[in-house]
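See below for the structure under consideration.
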Amino acid sequence: MAKKKFVVGCFDDEAVLFPAVKKVRTSGYKIHDVYTPFAVHGLDHALGLRETSLHTAGFIYGISGTATALGSISWILAKDWPLNFGGKPHFALPAWIPITFELTVLFSAVGMVLTFCYLCQLAPFVKKHHFHARATDDMFVMVIECTEKTNADDLKAFLASNGAIETDVQVAEEGWWLGRYDRDEHPFQNKQTVVA
Amino acid sequence: MASIREQFEIPGKMKTWSMALIGVGLVALVLGAVTKGFSSDEHEQAHFWGTLMYNTIFWTLICNASMFFICVSTLAMGGWQQSFKRIPEAISTMVPIFGSITFLVLIYVVVSDKHHIYHWLDTEAVAKDPLLSGKAGFLNAKFFIIWTTLAIGLWSLLGWRMRQISHEADEAPMDQQTGASYIWRSTVRAALFTVWFALTVGSTIPWLWMMSIDAHWYSTMYSWYTFASSFVSGLSLIALWVIYLKNKGYLELTNQEHLQDIGKFIFAFSIFWAYLWFSQYMLIWYANIPEETVYFKHRVQGPYKGIFFLNLIINFICPLLILMKRSSKRNYTLVTFMAVLIIFGHWIDFYQMVMGSLSKEHVTLGWLDFGILSLFVGLMILFVGRALASKPLISKYHPFLKESIIHQV
């Protein structure tokens, strides 16, 4: 994996963050992501993110659950091993609906959780670079990707002029890689220095 | 807020249309009464009174569902409905009007002893019948009349009190203390309505009014099924009025975000309806006991087969697949189409619930049904339009109004 250079700006207020996002985007910088301590309404829109296709994936998983249930039950009970249950027809659709429903829910739920973790690059035994520890606490962290033309110092000054209370430059992995936080970083022995 | 159009003015076209629909309906009503209602043939009589019954019950219940919507939203401390809540309120003013029509029809059926509609009115037959005599404490003319009067009366009264308190918020700005006590008083009134709603629409009223046509049959699921049916069509009716007023340039504070939430309600309650439909059907199909299957026999295998399954397609498959996407719930044209389809579908559902028991040999759907339907649609447009025009469209000083303005899904 290739490492990339990022400029990081930290904000402590949503009301400052929104105009800053807008200005950074209109100035032509590419925002890698904005890390927030909670879900901020309208931020995805301000960042110009496309709508997620997670629900389309969920629909497809659900349909495959329905198909799996109906296909397997009808093959088992009507073709492979027909049994007489209380004189009901072998193809007893109403009796299968609850199971079909359950499998639809199961497939779509499990499938969507896994897809969501994949899209967010979350998994056990996998690491991702954290741009700022306080992004999980009270800070809105905007990460801007640098190209070879970007002047990092100019960009830092630009962010600061738009209300960033803290800026820095980081060279980091943008995706995920195999590893374990507890083994690799010994968070309990090596206390992280957190800027107050 | 200076640019907000607070007062709805009834367009001339709407008046003409509602009058025309009422005219068509009255002609159908009179023709039906002459040829069927007061003829000597019992089947013709049952056809006429049954048609009146399911239409009056359907329209009363879906207008009452509007008030239920307001009350549950109030109880849940909901704020998003504030920008358009005058529409469900205006629709709920129909409850006393449609309620009294329902009352007249039902009381006439009971008082004039129409055994072929309500078999349990026949006291001699009930005495000989162990099942019916066991139900006699509930299914008798006296209880029917008292409970019907109470139900319609209290829906109207408690609904009126909810509308009164809603209009209090039009008058003057509230400070925090007044606001908090205002919310508390609304909560109490909403809770009163909801409890009475549960005791009537949620349980006894559908048993009395419609299930007792099949006097021997019983299903505890029936009332919930009726409630789901009427609630989802009530929500569709609200959606239609919201879109109509948006098209006319009113309701500036209501937008796609609110429409999407109404759409979600319609989507969710269509699935809820299907869940109850299926639960009722599957248990009876599985147990296969003759006393229970009697209800489904002529519906699933007899002349009502087409309507019965069309019902499931219109009311479940279509909303499930069409309203599932976010973009379709935000699309005014598509929501209008679905709302009309769903109201029609549940009207057909009420049709088969009542007429499927009164006319088992053949489907009676025809000019009389659509004529009476047009009478009710006309009355609904006329009176809801008047109710909307009589009050401001926005409750300016409601404490939760801002929540509705910034509502985002």
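Following the order of the structure tokens, first chain is A, next is B, and so on, with residues numbered from 1 inside each chain and ligands from 1 in the order they appear.
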
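What chain A places within 8 Å of chain B, counting only C-alpha atoms, is His41, Pro94 and Ala95 of chain A.
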
Output file for the selection above: N, CA and C atoms, as an mmCIF file, in the first residue's frame:
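File out32.cif, as written:
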data_model
loop_
_atom_site.group_PDB
_atom_site.id
_atom_site.type_symbol
_atom_site.label_atom_id
_atom_site.label_comp_id
_atom_site.auth_asym_id
_atom_site.auth_seq_id
_atom_site.Cartn_x
_atom_site.Cartn_y
_atom_site.Cartn_z
ATOM 1 N N HIS A 41 -25.890 15.958 10.657
ATOM 2 C CA HIS A 41 -26.891 16.058 9.593
ATOM 3 C C HIS A 41 -26.426 16.988 8.492
ATOM 4 N N PRO A 94 -48.333 -21.355 2.211
ATOM 5 C CA PRO A 94 -48.521 -20.542 3.427
ATOM 6 C C PRO A 94 -47.636 -20.984 4.580
ATOM 7 N N ALA A 95 -47.400 -22.296 4.694
ATOM 8 C CA ALA A 95 -46.591 -22.768 5.814
ATOM 9 C C ALA A 95 -45.140 -22.361 5.657
#

Nearby residues (only C-alpha atoms) at most 6 Å from region 54-61 of chain A, same-chain spacing under 2 positions excluded, as a PDB file with N, CA and C atoms, in the first residue's frame:
ATOM      1  N   THR A  52     -25.298   6.358  -0.563  1.00  0.00           N
ATOM      2  CA  THR A  52     -24.753   5.013  -0.417  1.00  0.00           C
ATOM      3  C   THR A  52     -25.588   3.990  -1.181  1.00  0.00           C
ATOM      4  N   ILE A  63     -33.478 -10.556  -1.409  1.00  0.00           N
ATOM      5  CA  ILE A  63     -34.026 -11.377  -2.487  1.00  0.00           C
ATOM      6  C   ILE A  63     -33.344 -12.744  -2.519  1.00  0.00           C
ATOM      7  N   SER A  64     -32.027 -12.761  -2.301  1.00  0.00           N
ATOM      8  CA  SER A  64     -31.362 -14.075  -2.326  1.00  0.00           C
ATOM      9  C   SER A  64     -31.814 -14.922  -1.145  1.00  0.00           C
ATOM     10  N   PHE A 107     -30.566 -12.942   5.803  1.00  0.00           N
ATOM     11  CA  PHE A 107     -29.609 -12.684   4.723  1.00  0.00           C
ATOM     12  C   PHE A 107     -29.348 -11.196   4.593  1.00  0.00           C
ATOM     13  N   SER A 108     -30.442 -10.398   4.595  1.00  0.00           N
ATOM     14  CA  SER A 108     -30.218  -8.967   4.367  1.00  0.00           C
ATOM     15  C   SER A 108     -29.504  -8.348   5.566  1.00  0.00           C
ATOM     16  N   MET A 112     -25.831  -6.974   5.090  1.00  0.00           N
ATOM     17  CA  MET A 112     -25.647  -5.531   5.168  1.00  0.00           C
ATOM     18  C   MET A 112     -24.621  -5.154   6.218  1.00  0.00           C
TER      19      MET A 112
END

With DSSP run on the backbone, what are the helix (DSSP H, G or I) residues within region 120-171 of chain A? I'd like them as a ChimeraX atom specification. /A:133-136,152-161

Selection file, C-alpha atoms, as a CSV table (one decimal), in the first residue's frame:
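Result file follows (result_28.csv):
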chain,number,residue,atom,x,y,z
A,133,ALA,CA,-7.5,10.8,18.6
A,134,ARG,CA,-10.0,13.5,19.6
A,135,ALA,CA,-12.1,12.7,16.4
A,136,THR,CA,-13.9,10.2,18.6
A,152,ALA,CA,1.1,22.0,2.5
A,153,ASP,CA,2.0,25.2,4.4
A,154,ASP,CA,-0.4,27.3,2.3
A,155,LEU,CA,-3.1,24.8,2.9
A,156,LYS,CA,-2.5,24.8,6.6
A,157,ALA,CA,-2.7,28.6,6.8
A,158,PHE,CA,-5.8,28.5,4.7
A,159,LEU,CA,-7.5,26.0,7.1
A,160,ALA,CA,-6.4,28.1,10.1
A,161,SER,CA,-7.9,31.2,8.5

Report the distance between CA of Pro206 (chain B) and CA of Phe38 (chain B) in Å, rounded to one decimal place.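 If I compute the distance from CA of Pro206 (chain B) to CA of Phe38 (chain B), I get 26.2 Å.
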
If I take CA of Val113 (chain A) and CA of Gly65 (chain A), how far is one from the other in Å, to one decimal?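 Rounded to one decimal, the two atoms are 15.0 Å apart.
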
Figure out the distance between CA of Phe265 (chain B) and CA of Ile97 (chain B), please, to one decimal in Å.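 Atom-to-atom, CA of Ile97 (chain B) to CA of Phe265 (chain B), that is 26.2 Å.
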
Counting only C-alpha atoms, what is within 9 Å of region 308-322 of chain B, bar same-chain residues fewer than 5 positions away, as a list of chain:residue names? B:Ser229, B:Ile266, B:Phe267, B:Ala268, B:Ser270, B:Ile271, B:Trp273, B:Ala274, B:Trp277, B:Arg299, B:Val300, B:Ser328, B:Lys329, B:Leu334, B:Met338, B:Leu341, B:Ile342, B:Ile343, B:Phe344, B:Gly345, B:His346, B:Ile348, B:Asp349, B:Gln352

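For Gly249 (chain B), the list of residues within 12 Å, based on only C-alpha atoms and with local chain neighbours fewer than 3 positions off taken out, reads Ser3, Ile4, Arg5, Glu6, Gln7, Phe8, Glu9, Val242, Ile243, Tyr244, Leu245, Lys246, Glu252, Leu253, Thr254 and Asn255 of chain B.
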